[in-house]
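Undergrad: Input file: data24.txt. Contents: compact mmCIF, C-alpha atoms.
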```txt
# COMPACT_ATOMS: atom_id res chain seq x y z
CA MET A 1 13.76 21.20 25.31
CA ASP A 2 16.67 22.25 23.11
CA PHE A 3 16.18 22.92 19.45
CA ILE A 4 18.71 22.96 16.64
CA ARG A 5 18.38 24.34 13.12
CA CYS A 6 16.86 21.71 10.84
CA GLU A 7 15.17 21.57 7.44
CA THR A 8 12.64 19.26 5.81
CA GLY A 9 11.15 19.19 2.33
CA SER A 10 12.35 20.70 -0.91
CA LEU A 11 11.86 23.58 -3.33
CA GLU A 12 10.28 21.32 -5.94
CA SER A 13 6.83 22.09 -7.28
CA SER A 14 4.03 21.07 -4.85
CA ASP A 15 6.51 20.82 -1.98
CA CYS A 16 7.81 23.28 0.59
CA LEU A 17 11.05 23.72 2.48
CA VAL A 18 10.44 24.11 6.20
CA THR A 19 13.15 25.31 8.56
CA VAL A 20 12.89 25.22 12.34
CA GLU A 21 15.54 26.97 14.42
CA PRO A 22 15.99 28.17 17.99
CA SER A 23 14.97 31.77 18.62
CA ASN A 24 14.47 34.24 21.47
CA ASN A 25 10.88 34.72 20.37
CA PHE A 26 8.36 32.47 18.70
CA SER A 27 7.73 33.42 15.07
CA ILE A 28 6.45 32.07 11.77
CA ASP A 29 7.78 33.36 8.45
CA ILE A 30 5.88 32.45 5.30
CA LYS A 31 7.12 32.83 1.75
CA SER A 32 4.93 31.25 -0.90
CA THR A 33 4.36 31.27 -4.63
CA VAL A 34 0.65 31.34 -3.84
CA ASP A 35 0.63 33.56 -0.75
CA ARG A 36 -1.87 36.05 -2.18
CA GLN A 37 -4.53 33.33 -2.26
CA PHE A 38 -3.35 30.96 0.46
CA TYR A 39 -1.34 32.85 3.10
CA ASN A 40 -4.00 32.37 5.78
CA SER A 41 -4.49 28.71 4.90
CA ILE A 42 -0.74 28.03 5.14
CA LEU A 43 -0.55 29.88 8.45
CA THR A 44 -3.45 27.82 9.82
CA ASP A 45 -1.81 24.55 8.66
CA ILE A 46 1.44 25.49 10.40
CA LYS A 47 -0.28 26.55 13.63
CA LYS A 48 -2.45 23.43 13.80
CA THR A 49 0.52 21.17 13.15
CA LEU A 50 2.62 22.92 15.78
CA GLU A 51 -0.25 22.62 18.27
CA LYS A 52 -0.52 18.88 17.62
CA TRP A 53 3.24 18.39 17.80
CA CYS A 54 3.41 20.27 21.14
CA LYS A 55 0.56 18.11 22.49
CA ASP A 56 2.12 14.86 21.23
CA ASN A 57 5.43 15.74 22.87
CA ASN A 58 4.14 17.55 25.95
CA ILE A 59 5.87 20.80 25.10
CA ASN A 60 4.60 24.32 25.83
CA ASN A 61 5.51 27.53 24.03
CA PRO A 62 8.66 26.43 22.19
CA LEU A 63 11.07 29.27 21.48
CA ILE A 64 11.58 28.63 17.80
CA LYS A 65 11.33 30.30 14.45
CA ILE A 66 9.49 28.37 11.72
CA THR A 67 10.24 29.42 8.16
CA ILE A 68 8.42 28.02 5.17
CA ASP A 69 9.40 28.48 1.54
CA ASP A 70 6.34 27.11 -0.20
CA ARG A 71 6.09 26.03 -3.83
CA GLY A 72 2.36 25.35 -3.94
CA ALA A 73 2.25 22.48 -1.45
CA LEU A 74 -1.16 21.12 -0.47
CA THR A 75 -2.17 20.92 3.19
CA PHE A 76 -1.01 17.31 3.60
CA ALA A 77 2.51 18.21 2.49
CA ILE A 78 2.73 21.35 4.61
CA LYS A 79 1.59 19.47 7.71
CA ALA A 80 4.01 16.60 7.06
CA ARG A 81 6.99 18.87 6.42
CA VAL A 82 6.32 21.04 9.49
CA TYR A 83 5.84 18.01 11.77
CA THR A 84 9.03 16.34 10.53
CA ALA A 85 11.05 19.57 10.78
CA LEU A 86 9.89 20.00 14.38
CA ASN A 87 10.87 16.40 15.17
CA ARG A 88 14.28 16.87 13.60
CA SER A 89 14.87 20.20 15.33
CA ALA A 90 14.01 18.68 18.72
CA ASN A 91 15.98 15.51 17.87
CA ILE A 92 12.90 13.30 18.20
CA VAL A 93 13.64 10.28 16.02
CA MET B 94 -13.36 -5.88 2.98
CA LYS B 95 -13.38 -4.03 -0.35
CA GLU B 96 -12.77 -6.11 -3.48
CA PHE B 97 -10.23 -4.78 -5.95
CA ARG B 98 -9.06 -5.65 -9.44
CA ARG B 99 -5.31 -5.93 -9.26
CA ARG B 100 -4.06 -5.61 -12.84
CA THR B 101 -1.75 -2.70 -12.02
CA GLN B 102 -0.11 -1.29 -8.92
CA LEU B 103 1.69 2.02 -9.49
CA TYR B 104 4.79 2.63 -7.37
CA VAL B 105 4.85 6.16 -5.92
CA PRO B 106 7.94 7.49 -4.10
CA GLY B 107 6.84 8.27 -0.55
CA ASN B 108 8.78 11.50 -0.24
CA SER B 109 7.36 13.21 -3.32
CA PRO B 110 4.26 15.36 -2.65
CA SER B 111 3.68 16.02 -6.37
CA MET B 112 3.70 12.33 -7.28
CA ILE B 113 1.53 11.37 -4.31
CA GLN B 114 -1.09 14.01 -5.01
CA HIS B 115 -1.50 12.88 -8.61
CA CYS B 116 -1.08 9.13 -8.24
CA MET B 117 -4.77 8.26 -8.08
CA VAL B 118 -5.69 9.86 -11.40
CA PHE B 119 -3.67 7.66 -13.77
CA GLY B 120 -6.14 4.79 -13.74
CA SER B 121 -4.09 2.06 -12.06
CA ASP B 122 -6.07 -0.43 -9.99
CA GLY B 123 -3.78 0.22 -7.03
CA VAL B 124 -1.04 2.52 -5.81
CA LEU B 125 2.03 1.54 -3.81
CA LEU B 126 3.11 4.40 -1.59
CA ASP B 127 6.74 3.52 -1.10
CA LEU B 128 8.77 4.10 2.05
CA GLU B 129 11.49 1.63 1.04
CA ASP B 130 13.81 1.65 -1.98
CA SER B 131 12.70 4.96 -3.52
CA VAL B 132 13.43 6.88 -0.30
CA SER B 133 16.95 7.75 0.85
CA ILE B 134 17.94 6.76 4.38
CA TYR B 135 18.13 10.47 5.24
CA GLN B 136 14.48 11.03 4.33
CA LYS B 137 12.79 7.99 5.90
CA ASP B 138 11.20 10.11 8.64
CA ALA B 139 9.97 12.73 6.17
CA ALA B 140 8.50 10.14 3.79
CA ARG B 141 6.76 8.30 6.62
CA GLU B 142 5.03 11.48 7.78
CA LEU B 143 4.17 12.57 4.23
CA VAL B 144 2.53 9.23 3.43
CA ALA B 145 0.73 9.31 6.78
CA GLN B 146 -0.68 12.77 6.05
CA ALA B 147 -1.61 11.74 2.50
CA LEU B 148 -3.60 8.76 3.80
CA GLN B 149 -5.64 11.15 5.93
CA PHE B 150 -6.00 13.85 3.29
CA PHE B 151 -6.92 12.17 0.01
CA ASP B 152 -9.93 10.22 -1.14
CA PHE B 153 -8.35 7.49 -3.26
CA GLY B 154 -11.76 6.32 -4.48
CA ASN B 155 -11.70 2.80 -5.90
CA VAL B 156 -7.90 2.69 -6.07
CA GLU B 157 -6.37 0.11 -3.71
CA VAL B 158 -3.90 1.91 -1.45
CA VAL B 159 -0.94 -0.14 -0.29
CA VAL B 160 2.06 1.18 1.65
CA ARG B 161 5.41 -0.52 1.18
CA ILE B 162 7.29 -0.24 4.44
CA ASN B 163 10.95 -0.83 5.22
CA GLY B 164 11.94 -4.39 6.12
CA LEU B 165 12.40 -6.00 9.50
CA ASP B 166 16.16 -5.80 9.11
CA THR B 167 16.07 -1.97 9.19
CA PRO B 168 15.59 0.49 12.07
CA TYR B 169 12.59 2.00 10.22
CA CYS B 170 10.26 -1.00 10.07
CA ILE B 171 8.55 -0.70 13.45
CA LYS B 172 8.21 3.08 13.16
CA ASP B 173 6.63 2.66 9.73
CA LEU B 174 4.14 0.13 11.05
CA GLU B 175 3.30 2.21 14.14
CA ARG B 176 2.60 5.29 12.03
CA ILE B 177 0.82 3.66 9.10
CA ILE B 178 -1.35 0.88 10.58
CA PRO B 179 -3.69 3.21 12.54
CA LEU B 180 -4.44 5.04 9.27
CA LYS B 181 -5.85 1.85 7.76
CA PRO B 182 -4.48 1.64 4.21
CA ASP B 183 -5.96 -1.25 2.21
CA ALA B 184 -2.78 -3.27 2.80
CA ILE B 185 0.86 -3.10 3.77
CA ARG B 186 3.53 -4.52 1.48
CA LEU B 187 6.30 -6.27 3.40
CA PRO B 188 9.66 -6.40 1.65
CA LYS B 189 12.07 -9.34 1.74
CA THR B 190 9.93 -11.88 3.52
CA SER B 191 11.66 -15.22 3.21
CA SER B 192 9.80 -17.62 5.48
CA LYS B 193 6.76 -18.32 7.60
CA ASP B 194 8.85 -17.17 10.58
CA ASP B 195 9.19 -13.71 9.03
CA ILE B 196 5.41 -13.49 8.66
CA MET B 197 4.95 -14.60 12.27
CA LYS B 198 7.27 -11.80 13.42
CA TYR B 199 5.18 -9.30 11.48
CA GLU B 200 1.99 -10.87 12.84
CA ASN B 201 3.09 -10.24 16.41
CA ILE B 202 4.14 -6.65 15.77
CA ILE B 203 1.03 -5.78 13.75
CA SER B 204 -1.35 -7.42 16.27
CA LYS B 205 0.24 -5.44 19.09
CA ILE B 206 -0.15 -2.16 17.19
CA GLU B 207 -3.76 -3.00 16.32
CA LYS B 208 -4.55 -3.60 19.99
CA GLN B 209 -2.82 -0.38 21.07
CA ASN B 210 -4.93 1.57 18.58
CA GLY B 211 -8.26 -0.11 19.25
CA LEU B 212 -8.34 -1.81 15.87
CA GLU B 213 -9.72 -5.28 15.29
CA VAL B 214 -6.84 -7.76 15.44
CA GLY B 215 -6.38 -9.18 11.96
CA SER B 216 -7.90 -6.19 10.17
CA THR B 217 -4.57 -5.04 8.72
CA LYS B 218 -3.98 -6.87 5.44
CA ILE B 219 -0.50 -7.67 4.17
CA VAL B 220 1.28 -8.45 0.91
CA PRO B 221 4.59 -10.29 1.45
CA MET B 222 7.27 -9.65 -1.16
CA LEU B 223 9.31 -12.70 -2.20
CA GLU B 224 12.69 -11.37 -3.21
CA THR B 225 15.21 -14.09 -2.38
CA ALA B 226 15.85 -17.62 -3.59
CA VAL B 227 14.85 -18.93 -0.16
CA ALA B 228 11.58 -17.00 -0.34
CA ILE B 229 10.71 -18.55 -3.70
CA GLU B 230 11.39 -22.02 -2.30
CA ASN B 231 9.07 -21.17 0.62
CA ALA B 232 6.41 -19.51 -1.55
CA TYR B 233 3.41 -21.62 -0.55
CA GLU B 234 4.42 -21.75 3.10
CA ILE B 235 4.53 -17.94 3.11
CA ALA B 236 1.33 -17.46 1.10
CA ALA B 237 -0.66 -19.74 3.41
CA SER B 238 0.89 -18.54 6.67
CA SER B 239 -1.59 -15.83 7.68
CA ALA B 240 -5.21 -14.84 7.17
CA ARG B 241 -3.94 -11.28 6.75
CA ILE B 242 -2.32 -12.10 3.41
CA ILE B 243 -4.33 -10.90 0.42
CA ALA B 244 -1.58 -11.36 -2.17
CA ILE B 245 2.03 -12.35 -2.61
CA THR B 246 4.40 -10.65 -4.98
CA ILE B 247 7.75 -11.36 -6.54
CA GLY B 248 10.60 -8.83 -6.44
CA GLY B 249 12.53 -9.42 -9.64
CA GLU B 250 15.50 -7.11 -9.11
CA ASP B 251 16.47 -8.37 -5.66
CA LEU B 252 15.75 -11.97 -6.61
CA THR B 253 18.00 -11.96 -9.67
CA ALA B 254 20.72 -10.27 -7.61
CA ASP B 255 20.37 -13.01 -5.01
CA MET B 256 20.54 -15.65 -7.75
CA LYS B 257 23.62 -13.93 -9.19
CA VAL B 258 22.04 -13.71 -12.63
CA LYS B 259 21.37 -10.80 -14.92
CA ARG B 260 17.81 -9.51 -15.20
CA THR B 261 16.85 -9.63 -18.86
CA LYS B 262 13.86 -8.28 -20.77
CA GLU B 263 12.96 -11.77 -21.91
CA GLY B 264 12.82 -12.87 -18.28
CA LYS B 265 13.92 -16.49 -18.76
CA GLU B 266 15.84 -16.25 -15.49
CA LEU B 267 12.58 -15.46 -13.66
CA TYR B 268 10.36 -18.04 -15.36
CA TRP B 269 10.58 -20.75 -12.73
CA ALA B 270 10.30 -18.34 -9.82
CA ARG B 271 7.30 -16.58 -11.34
CA ALA B 272 5.56 -19.87 -12.08
CA LYS B 273 6.15 -21.02 -8.52
CA VAL B 274 4.82 -17.78 -7.00
CA ALA B 275 1.69 -17.81 -9.18
CA LEU B 276 1.02 -21.46 -8.33
CA ALA B 277 1.64 -20.93 -4.61
CA ALA B 278 -0.75 -17.98 -4.59
CA SER B 279 -3.46 -20.00 -6.32
CA ALA B 280 -2.98 -22.86 -3.85
CA ALA B 281 -3.27 -20.46 -0.92
CA LYS B 282 -6.25 -18.64 -2.52
CA VAL B 283 -4.55 -15.26 -2.55
CA ALA B 284 -3.70 -12.95 -5.44
CA SER B 285 -0.33 -13.08 -7.21
CA LEU B 286 1.33 -9.86 -8.30
CA ASP B 287 4.33 -9.60 -10.59
CA THR B 288 7.46 -7.49 -10.39
CA VAL B 289 8.12 -4.30 -12.37
CA PHE B 290 9.30 -4.05 -15.97
CA SER B 291 12.17 -1.61 -15.64
CA ASP B 292 12.51 -0.08 -19.13
CA VAL B 293 9.76 2.54 -19.30
CA ASN B 294 10.60 3.28 -22.95
CA ASP B 295 10.07 -0.29 -24.18
CA ASP B 296 6.32 -0.64 -24.66
CA GLU B 297 6.52 -3.86 -26.66
CA GLY B 298 8.85 -5.42 -24.09
CA LEU B 299 6.34 -4.55 -21.37
CA ARG B 300 3.48 -5.99 -23.43
CA SER B 301 5.37 -9.23 -23.99
CA ASP B 302 6.37 -9.45 -20.31
CA THR B 303 2.76 -8.88 -19.25
CA MET B 304 1.47 -11.55 -21.63
CA THR B 305 3.94 -14.01 -20.09
CA ILE B 306 2.87 -13.33 -16.53
CA LYS B 307 -0.81 -13.40 -17.44
CA GLU B 308 -0.31 -16.85 -18.98
CA LEU B 309 1.46 -17.97 -15.81
CA GLY B 310 -1.56 -16.97 -13.74
CA PHE B 311 -0.59 -13.66 -12.19
CA ASP B 312 -3.41 -11.26 -11.33
CA GLY B 313 -1.40 -8.20 -12.22
CA LYS B 314 1.85 -6.35 -12.13
CA ALA B 315 3.60 -3.43 -10.48
CA CYS B 316 4.30 -0.37 -12.65
CA ILE B 317 7.02 2.23 -12.16
CA ASN B 318 5.61 4.81 -14.55
CA PRO B 319 2.01 5.84 -15.32
CA ARG B 320 2.76 5.21 -19.01
CA GLN B 321 2.92 1.47 -18.29
CA ILE B 322 -0.61 1.21 -16.88
CA GLN B 323 -2.54 1.28 -20.15
CA ILE B 324 -0.41 -1.45 -21.75
CA VAL B 325 -0.83 -3.83 -18.81
CA HIS B 326 -4.57 -3.16 -18.77
CA GLU B 327 -4.82 -3.86 -22.50
CA VAL B 328 -3.16 -7.25 -22.02
CA TYR B 329 -5.40 -8.11 -19.09
CA THR B 330 -8.62 -6.84 -20.64
CA PRO B 331 -10.42 -9.57 -22.61
CA SER B 332 -11.47 -8.84 -26.21
CA GLU B 333 -15.14 -8.40 -27.17
CA ASN B 334 -15.09 -11.91 -28.69
CA GLU B 335 -13.69 -13.41 -25.49
CA ILE B 336 -16.33 -11.60 -23.43
CA SER B 337 -19.16 -12.79 -25.71
CA ALA B 338 -17.87 -16.37 -25.60
CA ALA B 339 -17.58 -16.24 -21.82
CA LYS B 340 -21.16 -14.98 -21.50
CA GLU B 341 -22.41 -17.77 -23.78
CA ILE B 342 -20.60 -20.37 -21.68
CA ILE B 343 -22.03 -19.09 -18.42
CA LEU B 344 -25.57 -18.88 -19.80
CA ALA B 345 -25.30 -22.39 -21.28
CA ALA B 346 -24.01 -23.82 -18.00
CA ARG B 347 -26.72 -22.01 -16.04
CA LYS B 348 -29.45 -23.47 -18.29
CA ASN B 349 -28.08 -26.90 -17.53
CA GLU B 350 -27.86 -26.18 -13.80
CA GLY B 351 -24.11 -26.73 -13.55
CA GLY B 352 -23.90 -30.13 -15.27
CA VAL B 353 -21.75 -30.89 -18.30
CA VAL B 354 -23.17 -29.35 -21.46
CA SER B 355 -22.06 -28.98 -25.07
CA LEU B 356 -21.73 -25.55 -26.70
CA ASN B 357 -20.80 -25.23 -30.38
CA GLY B 358 -19.41 -28.76 -30.26
CA LYS B 359 -17.21 -28.17 -27.19
CA MET B 360 -17.72 -29.63 -23.74
CA ILE B 361 -18.56 -27.07 -21.08
CA ASP B 362 -17.78 -28.26 -17.58
CA TYR B 363 -16.82 -26.63 -14.28
CA PRO B 364 -13.23 -25.54 -15.20
CA VAL B 365 -14.47 -23.98 -18.44
CA VAL B 366 -17.16 -22.07 -16.57
CA LYS B 367 -14.62 -20.97 -13.97
CA ARG B 368 -12.34 -19.61 -16.71
CA ALA B 369 -15.29 -17.81 -18.30
CA GLU B 370 -16.07 -16.17 -14.97
CA THR B 371 -12.44 -15.03 -14.67
CA THR B 372 -12.64 -13.56 -18.18
CA LEU B 373 -15.72 -11.53 -17.24
CA GLN B 374 -14.18 -10.41 -13.95
CA ARG B 375 -11.08 -9.21 -15.83
CA ALA B 376 -13.41 -7.20 -18.05
CA GLY B 377 -14.95 -5.66 -14.96
CA ILE B 378 -18.23 -7.59 -15.39
CA ASP B 379 -19.85 -9.40 -12.51
CA PRO B 380 -20.64 -12.95 -13.81
CA ASN B 381 -23.80 -12.96 -11.69
CA SER B 382 -25.08 -9.89 -13.53
CA ILE B 383 -25.58 -11.64 -16.89
```
Please go through the file and, once you have read it, give me the structure as structure tokens.

TA:
Amino acid sequence: MDFIRCETGSLESSDCLVTVEPSNNFSIDIKSTVDRQFYNSILTDIKKTLEKWCKDNNINNPLIKITIDDRGALTFAIKARVYTALNRSANIV
Amino acid sequence: MKEFRRRTQLYVPGNSPSMIQHCMVFGSDGVLLDLEDSVSIYQKDAARELVAQALQFFDFGNVEVVVRINGLDTPYCIKDLERIIPLKPDAIRLPKTSSKDDIMKYENIISKIEKQNGLEVGSTKIVPMLETAVAIENAYEIAASSARIIAITIGGEDLTADMKVKRTKEGKELYWARAKVALAASAAKVASLDTVFSDVNDDEGLRSDTMTIKELGFDGKACINPRQIQIVHEVYTPSENEISAAKEIILAARKNEGGVVSLNGKMIDYPVVKRAETTLQRAGIDPNSI
């Protein structure tokens, strides 16, 4: 599957801006206003969402970079933004 | 099925995490998670997924959770229904329904999705929005067209645009349409919900508008700002005197086992008792508890 660079979300309070782009290696880059307390939680949310998205779309080991610029988003918002960014990047509409 | 008071339904833009995560704390009887007018066409996918995740994440408590989807005339409608129905919100608000045929189209789509997801067919409740002149003319036909319908609602902005009239604060242009919707809802034994009052800075205008729709028989009204909730509730909440009088009426009627009885010189018969019960219900009191 081909990926293109796509974004979802915003930099407003309680939201996050998620970018998915093609890459030679898989990676996740987290920047957050609350990373000292919630880095691991954000990482888990991203990984779980990616796992579900891969299962839903029958995709293994996508070569992408996921970047999140988080402004204190709760789990529901992180999951939604990551899932939508993956859909957009893979052109699943 | 859960029973809800429906004095206020707070519109919440479906692509705003901050508004969604706070929407249940403002005290409205219901929230309307909106995928339609408050979401740009470039963010329909993002809003759909955000609302879907919110439905799985939050405990909305006693707040009725309704999702307003995009209409049948858009490419988003089916996707909205496919994503939202399996998550079982309390109801789905259907914009721009103009006829029984529209409801039948929704019926077929919703039933199919229910079957695909192992849900009981008919379990998804709907609230058609009447937003065109044709819809108002067909109000009863729409309200009585499906057992899924729990309420009908009037969309004032689109309706006045369709009628080519200006929407005013006094609302004379909506009087007939509102009366017809409230009557149709009563005839079909479903709730009637009024449109929004657009000026969030005009408290007295909102109070006056709410008094009008209460007198017409509406069960409640949509709000576009949390500040509007308290005012609508005040209008819909009976006074202590009204509550005491209603209790007296019900006790007097009960003593007489439902026959006609006189209380303080006034005849108490079935319609009077029925109104007294409505008064207590609006005050959040179960008439059977007194």

Undergrad: So that I can see what lies close to range 156-172 of chain B, please list as number ranges by chain the residues with an atom at most 8 Å from it, counting all atoms listed in the file and leaving out residues fewer than 5 positions away in the same chain.

TA: B: 97, 117, 121-129, 137, 177, 182-189, 202

Undergrad: Mind running chain A against chain B at 7 Å and telling me each contacting residue's nearest atom pair with the distance in Å (one decimal), counting only C-alpha atoms, chain and number ascending, as a Markdown table?

TA:
```
| residue | atom | partner | partner_atom | distance |
| --- | --- | --- | --- | --- |
| A:Ser13 | CA | B:Ser111 | CA | 6.9 |
| A:Ser14 | CA | B:Ser111 | CA | 5.3 |
| A:Asp15 | CA | B:Pro110 | CA | 5.9 |
| A:Phe76 | CA | B:Gln146 | CA | 5.2 |
| A:Ala77 | CA | B:Leu143 | CA | 6.1 |
| A:Ala80 | CA | B:Leu143 | CA | 4.9 |
| A:Arg81 | CA | B:Ala139 | CA | 6.8 |
| A:Thr84 | CA | B:Ala139 | CA | 5.7 |
```

Undergrad: In Å, rounded to a single decimal, give me how far CA of Lys47 in chain A is from CA of Val34 in chain A.

TA: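 Pair CA of Val34 in chain A / CA of Lys47 in chain A returns 18.1 Å.
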
Undergrad: I want to know what sits within 9 Å of Tyr233 in chain B, based on only C-alpha atoms, with residues of the same chain fewer than 6 positions away left out; could you give that as an MDAnalysis selection string?

TA: chainID B and resid 273:274 276:278 280:281

Undergrad: So that all listed atoms of range 295-304 of chain B fit with 5 Å spare on each side, what axis-aligned box centre and edge lengths in Å, to one decimal, would you give as JSON?

TA:
```
{"center_x": 5.8, "center_y": -5.9, "center_z": -23.0, "size_x": 18.6, "size_y": 21.3, "size_z": 17.4}
```

Undergrad: Do a neighbour search on Glu263 in chain B at 10 Å with only C-alpha atoms, toss out local chain neighbours closer than 6 positions, and write the hits as a PyMOL selection string.

TA: chain B and resi 298-299+301-302+305

Undergrad: Considering all atoms listed in the file, can you say which of A:Ile78, A:Ile66, A:Pro22, A:Thr33 comes closest to Met1 in chain A?

TA: A:Pro22

Undergrad: Please report the interatomic distance between CA of Val365 in chain B and CA of Lys307 in chain B in Å with one decimal.

TA: 17.3 Å

Undergrad: Quick one: residues within 9 Å of Val366 in chain B, all atoms listed in the file counted, chain neighbours fewer than 3 positions away excluded, as a PyMOL selection string?

TA: chain B and resi 339+342-343+346+351+361-363+369-371

Undergrad: Quick one, how far is CA of Glu200 in chain B from CA of Asn155 in chain B?

TA: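 Between CA of Glu200 in chain B and CA of Asn155 in chain B the gap is 26.9 Å.
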
Undergrad: Skip Ile243 in chain B itself and residues of its chain fewer than 6 positions away, then list as a compact mmCIF listing (two decimals) with C-alpha atoms, keeping the file's coordinate frame all residues within 7 Å of it, counting all atoms listed in the file.

TA:
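So out-v4.txt came out as:
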```txt
# COMPACT_ATOMS: atom_id res chain seq x y z
CA LYS B 218 -3.98 -6.87 5.44
CA ILE B 219 -0.50 -7.67 4.17
CA VAL B 220 1.28 -8.45 0.91
CA VAL B 283 -4.55 -15.26 -2.55
CA ALA B 284 -3.70 -12.95 -5.44
```

Undergrad: Nearest to Ser32 in chain A among A:Ala85, A:Ile92, A:Cys54, A:Ile68, with distances taken over only C-alpha atoms: which residue is it?

TA: A:Ile68

Undergrad: Pick out the closest residue to Ile46 in chain A from this set: A:Cys16, A:Leu74, A:Val82, A:Ile4. Count only C-alpha atoms.

TA: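 Closest candidate: A:Val82.
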
Undergrad: B:Glu350, B:Asp296, B:Glu327, B:Glu224: which is nearest Ala376 in chain B, counting only C-alpha atoms?

TA: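 Among the listed residues, the smallest separation from Ala376 in chain B belongs to B:Glu327.
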
Undergrad: Which residue gives the smallest distance to Asp2 in chain A among A:Arg88, A:Lys79, A:Lys48, A:Lys55, with only C-alpha atoms counted?

TA: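 Residue with the minimum atom-to-atom distance to Asp2 in chain A: A:Arg88.
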